[in-house]
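Quick look at my_file16.cif (mmCIF, C-alpha atoms):
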```
data_coords
loop_
_atom_site.label_atom_id
_atom_site.label_comp_id
_atom_site.auth_asym_id
_atom_site.auth_seq_id
_atom_site.Cartn_x
_atom_site.Cartn_y
_atom_site.Cartn_z
CA MET F 1 -4.80 18.30 -16.59
CA PRO F 2 -7.75 17.70 -14.22
CA THR F 3 -7.71 14.61 -12.04
CA PRO F 4 -10.31 11.98 -13.03
CA VAL F 5 -13.16 11.63 -10.53
CA ARG F 6 -13.24 7.81 -10.45
CA PRO F 7 -9.72 7.37 -9.02
CA LEU F 8 -10.43 10.00 -6.37
CA LEU F 9 -13.57 8.13 -5.31
CA LEU F 10 -11.61 4.88 -5.08
CA ILE F 11 -8.95 6.54 -3.01
CA GLY F 12 -11.59 8.06 -0.75
CA ALA F 13 -13.33 4.72 -0.33
CA LEU F 14 -10.25 2.56 0.27
CA LEU F 15 -7.27 4.46 1.51
CA LEU F 16 -8.13 6.82 4.27
CA ALA F 17 -8.01 4.29 7.08
CA THR F 18 -4.77 3.09 8.58
CA PRO F 19 -4.53 -0.24 10.37
CA ALA F 20 -2.92 1.12 13.52
CA ALA F 21 -6.21 2.37 14.95
CA ALA F 22 -8.67 2.45 12.04
CA THR F 23 -8.14 6.19 12.03
CA MET F 24 -9.56 8.17 9.15
CA PHE F 25 -6.98 10.40 7.48
CA ASN F 26 -7.68 13.27 5.09
CA ALA F 27 -6.26 12.82 1.57
CA ASP F 28 -4.90 15.60 -0.60
CA ARG F 29 -2.17 16.30 -3.13
CA VAL F 30 -3.47 13.34 -5.14
CA GLU F 31 -1.62 12.80 -8.41
CA PRO F 32 -2.40 9.94 -10.81
CA SER F 33 0.40 8.04 -12.53
CA GLY F 34 -0.66 5.13 -14.74
CA HIS F 35 -2.27 2.49 -12.53
CA TRP F 36 -0.88 4.24 -9.44
CA HIS F 37 -1.48 7.41 -7.43
CA SER F 38 0.64 9.34 -5.00
CA LEU F 39 -0.95 11.36 -2.23
CA ARG F 40 -0.58 12.87 1.22
CA LEU F 41 -2.63 11.59 4.13
CA SER F 42 -2.97 13.81 7.18
CA LEU F 43 -4.66 13.85 10.54
CA GLY F 44 -3.88 16.85 12.71
CA GLU F 45 -0.08 17.20 12.63
CA ALA F 46 0.49 13.59 11.51
CA ARG F 47 1.51 13.11 7.87
CA LEU F 48 1.87 9.98 5.75
CA PHE F 49 2.79 9.84 2.07
CA ARG F 50 1.54 7.00 -0.09
CA ALA F 51 2.05 5.47 -3.51
CA THR F 52 -0.80 3.08 -4.26
CA ASN F 53 -2.50 0.92 -6.86
CA THR F 54 -6.27 0.79 -6.31
CA LEU F 55 -7.29 0.09 -9.90
CA ASP F 56 -6.30 -3.51 -10.61
CA GLN F 57 -8.19 -5.43 -7.93
CA PRO F 58 -11.69 -4.19 -6.98
CA GLY F 59 -11.90 -3.38 -3.28
CA THR F 60 -8.16 -3.89 -2.86
CA ALA F 61 -5.20 -1.53 -2.62
CA PHE F 62 -1.50 -2.29 -2.61
CA SER F 63 0.37 0.65 -1.08
CA VAL F 64 3.83 1.78 -0.13
CA ASP F 65 3.83 4.35 2.69
CA PHE F 66 6.53 6.79 3.72
CA ALA F 67 6.32 8.55 7.11
CA PRO F 68 8.50 11.39 8.37
CA PRO F 69 11.06 11.80 9.75
CA HIS F 70 12.87 8.72 8.38
CA CYS F 71 10.67 8.10 5.32
CA GLN F 72 11.43 4.39 5.22
CA ALA F 73 9.13 2.44 2.94
CA ARG F 74 6.43 0.16 4.36
CA ALA F 75 4.36 -2.07 2.05
CA GLU F 76 0.79 -3.01 2.87
CA LEU F 77 -2.29 -4.49 1.28
CA ARG F 78 -5.82 -3.42 2.21
CA VAL F 79 -8.83 -5.52 1.26
CA GLU F 80 -12.38 -4.25 1.73
CA MET F 81 -14.26 -6.90 3.74
CA HIS F 82 -17.70 -5.15 3.84
CA GLU F 83 -18.05 -6.04 7.50
CA PHE F 84 -16.78 -4.71 10.79
CA VAL F 85 -15.22 -6.60 13.67
CA ALA F 86 -15.98 -5.96 17.34
CA GLU F 87 -12.49 -6.80 18.61
CA PRO F 88 -9.05 -6.26 17.08
CA GLU F 89 -7.71 -9.29 15.23
CA THR F 90 -4.04 -9.89 14.49
CA ARG F 91 -2.28 -12.98 13.25
CA GLN F 92 0.94 -13.90 11.52
CA ASP F 93 1.12 -15.63 8.15
CA THR F 94 3.52 -15.98 5.26
CA ALA F 95 3.66 -13.92 2.11
CA SER F 96 5.58 -13.66 -1.10
CA LEU F 97 5.97 -10.61 -3.34
CA ARG F 98 7.45 -11.11 -6.79
CA VAL F 99 8.06 -8.51 -9.47
CA ASP F 100 7.92 -10.08 -12.93
CA ASP F 101 10.12 -13.22 -12.92
CA ARG F 102 12.67 -11.91 -10.41
CA ALA F 103 13.50 -13.56 -7.11
CA PRO F 104 10.58 -13.35 -4.68
CA PHE F 105 10.53 -11.46 -1.40
CA ALA F 106 9.26 -14.09 1.02
CA GLY F 107 8.66 -13.64 4.70
CA PRO F 108 6.23 -12.98 7.48
CA VAL F 109 3.17 -10.81 7.08
CA GLU F 110 1.01 -9.42 9.85
CA LEU F 111 -2.73 -9.65 9.15
CA GLN F 112 -4.88 -7.12 11.00
CA ARG F 113 -8.52 -6.15 11.47
CA GLU F 114 -9.55 -3.21 13.64
CA PRO F 115 -12.91 -2.20 15.11
CA GLY F 116 -14.49 0.64 13.15
CA ASP F 117 -12.76 -0.32 9.90
CA SER F 118 -14.27 -2.62 7.29
CA GLY F 119 -10.87 -3.44 5.81
CA ALA F 120 -8.38 -6.20 6.43
CA TYR F 121 -4.68 -5.33 6.24
CA ALA F 122 -1.56 -7.28 5.40
CA LEU F 123 1.58 -5.53 6.65
CA PHE F 124 4.69 -6.91 4.97
CA HIS F 125 7.95 -7.24 6.89
CA LEU F 126 10.68 -7.07 4.25
CA ASP F 127 14.39 -7.68 4.71
CA GLU F 128 15.22 -5.78 1.52
CA PRO F 129 12.74 -2.89 1.14
CA TYR F 130 15.06 -0.91 -1.14
CA ARG F 131 15.36 -3.84 -3.56
CA LEU F 132 11.56 -4.07 -3.64
CA LEU F 133 11.27 -0.32 -4.34
CA HIS F 134 13.76 -0.61 -7.20
CA GLU F 135 11.90 -3.57 -8.69
CA LEU F 136 8.51 -1.85 -8.34
CA ARG F 137 9.95 1.15 -10.23
CA THR F 138 11.38 -0.96 -13.05
CA GLY F 139 9.03 -3.94 -13.32
CA GLU F 140 5.76 -4.58 -15.12
CA THR F 141 3.72 -6.73 -12.70
CA LEU F 142 3.72 -7.29 -8.95
CA ARG F 143 2.54 -10.76 -7.97
CA LEU F 144 1.46 -11.11 -4.38
CA ARG F 145 0.81 -14.41 -2.64
CA LEU F 146 -0.56 -14.79 0.88
CA GLY F 147 -0.94 -17.99 2.86
CA ASP F 148 0.28 -21.51 2.51
CA ASP F 149 0.65 -23.71 -0.55
CA ASP F 150 -2.68 -25.51 0.06
CA GLU F 151 -4.94 -22.45 -0.32
CA PRO F 152 -2.93 -19.38 -1.25
CA TRP F 153 -4.49 -16.07 -2.10
CA GLU F 154 -2.87 -14.56 -5.19
CA LEU F 155 -3.21 -11.04 -6.62
CA ASP F 156 -1.49 -9.22 -9.47
CA PHE F 157 -0.95 -5.46 -9.69
CA ALA F 158 0.27 -3.57 -12.76
CA LEU F 159 3.33 -1.45 -12.13
CA ALA F 160 2.69 1.10 -14.90
CA GLY F 161 3.17 4.44 -13.15
CA ALA F 162 4.62 2.96 -9.93
CA GLY F 163 8.04 4.59 -10.39
CA PRO F 164 6.79 8.19 -10.59
CA ALA F 165 4.24 7.60 -7.79
CA LEU F 166 6.86 6.07 -5.47
CA ASP F 167 9.37 8.81 -6.25
CA ARG F 168 6.81 11.54 -5.59
CA ALA F 169 5.58 10.01 -2.31
CA ALA F 170 9.17 9.62 -1.05
CA ARG F 171 10.04 13.17 -2.16
CA LEU F 172 6.96 14.63 -0.40
CA CYS F 173 7.92 12.72 2.74
CA ARG F 174 11.49 14.06 2.71
CA ARG F 175 10.18 17.60 2.23
CA ALA F 176 7.79 17.11 5.17
CA GLY F 177 10.72 15.91 7.25
CA ASP F 178 12.47 19.17 6.37
CA GLY F 179 9.32 21.10 7.39
CA ALA F 180 8.24 21.94 3.82
CA ALA F 181 5.04 19.86 3.39
#
```
Go ahead and render the structure in this file as structure tokens.
Amino acid sequence: MPTPVRPLLLIGALLLATPAAATMFNADRVEPSGHWHSLRLSLGEARLFRATNTLDQPGTAFSVDFAPPHCQARAELRVEMHEFVAEPETRQDTASLRVDDRAPFAGPVELQREPGDSGAYALFHLDEPYRLLHELRTGETLRLRLGDDDEPWELDFALAGAGPALDRAARLCRRAGDGAA
């Protein structure tokens, strides 16, 4: 079945930059799965495999990345800010991720802006990434909360299709680690 054009445009617009250096990666092997997609990002010899939801919040993407050789999951949020910064910006804040009504994952989050990239990134530091992956695969809604109790920023992402997208991204990463991707 052909891939719809709209999701590919969203992926192209939102997901090719990485926060490390606002580097533009090439995307291929895109496969839709419900509200999610799995894909490969590459730049030269570097490879990154991603499962992402770009459909539920305009200008926003929640992603789980897997990078060879270890393929350990890393969760991040990218928000399109429609403006560029001249200097890198990094600060620490607090965040909470909750799948359905299960116990939340609370902890520090690193907020980043990079020159040459119009996005802002939240990189989540999770003590139990495998529990989060399991809950993303089996849950219905991810609820994300950034900031303090006075003025939190809250977003919801549907998890329909997350399981197959996460499984595929992790599988592609393991294959790349074995030299197959």
_Selection result of the PyMOL selection byres ((chain F and resi 102) around 12) on this file, as an NGL selection string_ = :F and (96-101 or 103-105 or 131-132 or 134-136 or 138-143)
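Between F:Cys71 and the candidates F:Pro164, F:Pro129, F:Pro32, F:Pro115, the tightest atom-to-atom separation, counting all atoms listed in the file, involves F:Pro129.
Atom CA of F:Arg40 sits 27.1 Å away from atom CA of F:Ala95.
Relative to atom CA of F:Leu48, atom CA of F:Ala176 is found at 9.3 Å.
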Min atom-atom distance to F:Arg29 from the set F:Pro69, F:Arg168, F:Met81, F:Leu155, counting all atoms listed in the file, belongs to F:Arg168
Checklist line | Near-F:Trp36 list (10 Å; all atoms listed in the file; drop same-chain fewer than 3 positions) as a list in words | finding: Pro7, Glu31, Pro32, Ser33, Ala51, Thr52, Asn53, Thr54, Leu55, Asp56, Ala61, Phe62, Ser63, Phe157, Ala158, Leu159, Ala160, Gly161, Ala162, Gly163, Pro164, Ala165 and Leu166 of chain F
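In this comparison, which uses all atoms listed in the file, the residue of F:Arg50, F:Ala122, F:Gly44, F:Met24 approaching F:Ala73 most closely is F:Arg50.
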Target residues per the PyMOL selection byres ((chain F and resi 89) around 10), formatted as a list in words: Val85, Ala86, Glu87, Pro88, Thr90, Arg91, Leu111, Gln112, Arg113, Glu114, Pro115 and Ala120 of chain F
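Atom CA of F:Leu41 lies 17.0 Å from atom CA of F:Asp178.
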*Please provide the set of residues having any atom within 12 Å of F:His82, restricted to only C-alpha atoms, with same-chain residues fewer than 6 positions apart removed, written as an NGL selection string.*
:F and (13-14 or 59-60 or 113 or 116-120)
Taking the file above as input, evaluate the PyMOL selection byres ((chain F and resi 72) around 12) and report the hits as an mmCIF file with C-alpha atoms, in the coordinates of the input.
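Listing of out.cif after writing:
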```cif
data_model
loop_
_atom_site.group_PDB
_atom_site.id
_atom_site.type_symbol
_atom_site.label_atom_id
_atom_site.label_comp_id
_atom_site.auth_asym_id
_atom_site.auth_seq_id
_atom_site.Cartn_x
_atom_site.Cartn_y
_atom_site.Cartn_z
ATOM 1 C CA LEU F 48 1.870 9.980 5.750
ATOM 2 C CA PHE F 49 2.790 9.840 2.070
ATOM 3 C CA ARG F 50 1.540 7.000 -0.090
ATOM 4 C CA VAL F 64 3.830 1.780 -0.130
ATOM 5 C CA ASP F 65 3.830 4.350 2.690
ATOM 6 C CA PHE F 66 6.530 6.790 3.720
ATOM 7 C CA ALA F 67 6.320 8.550 7.110
ATOM 8 C CA PRO F 68 8.500 11.390 8.370
ATOM 9 C CA PRO F 69 11.060 11.800 9.750
ATOM 10 C CA HIS F 70 12.870 8.720 8.380
ATOM 11 C CA CYS F 71 10.670 8.100 5.320
ATOM 12 C CA ALA F 73 9.130 2.440 2.940
ATOM 13 C CA ARG F 74 6.430 0.160 4.360
ATOM 14 C CA ALA F 75 4.360 -2.070 2.050
ATOM 15 C CA LEU F 126 10.680 -7.070 4.250
ATOM 16 C CA GLU F 128 15.220 -5.780 1.520
ATOM 17 C CA PRO F 129 12.740 -2.890 1.140
ATOM 18 C CA TYR F 130 15.060 -0.910 -1.140
ATOM 19 C CA LEU F 133 11.270 -0.320 -4.340
ATOM 20 C CA LEU F 166 6.860 6.070 -5.470
ATOM 21 C CA ALA F 169 5.580 10.010 -2.310
ATOM 22 C CA ALA F 170 9.170 9.620 -1.050
ATOM 23 C CA ARG F 171 10.040 13.170 -2.160
ATOM 24 C CA CYS F 173 7.920 12.720 2.740
ATOM 25 C CA ARG F 174 11.490 14.060 2.710
ATOM 26 C CA GLY F 177 10.720 15.910 7.250
#
```
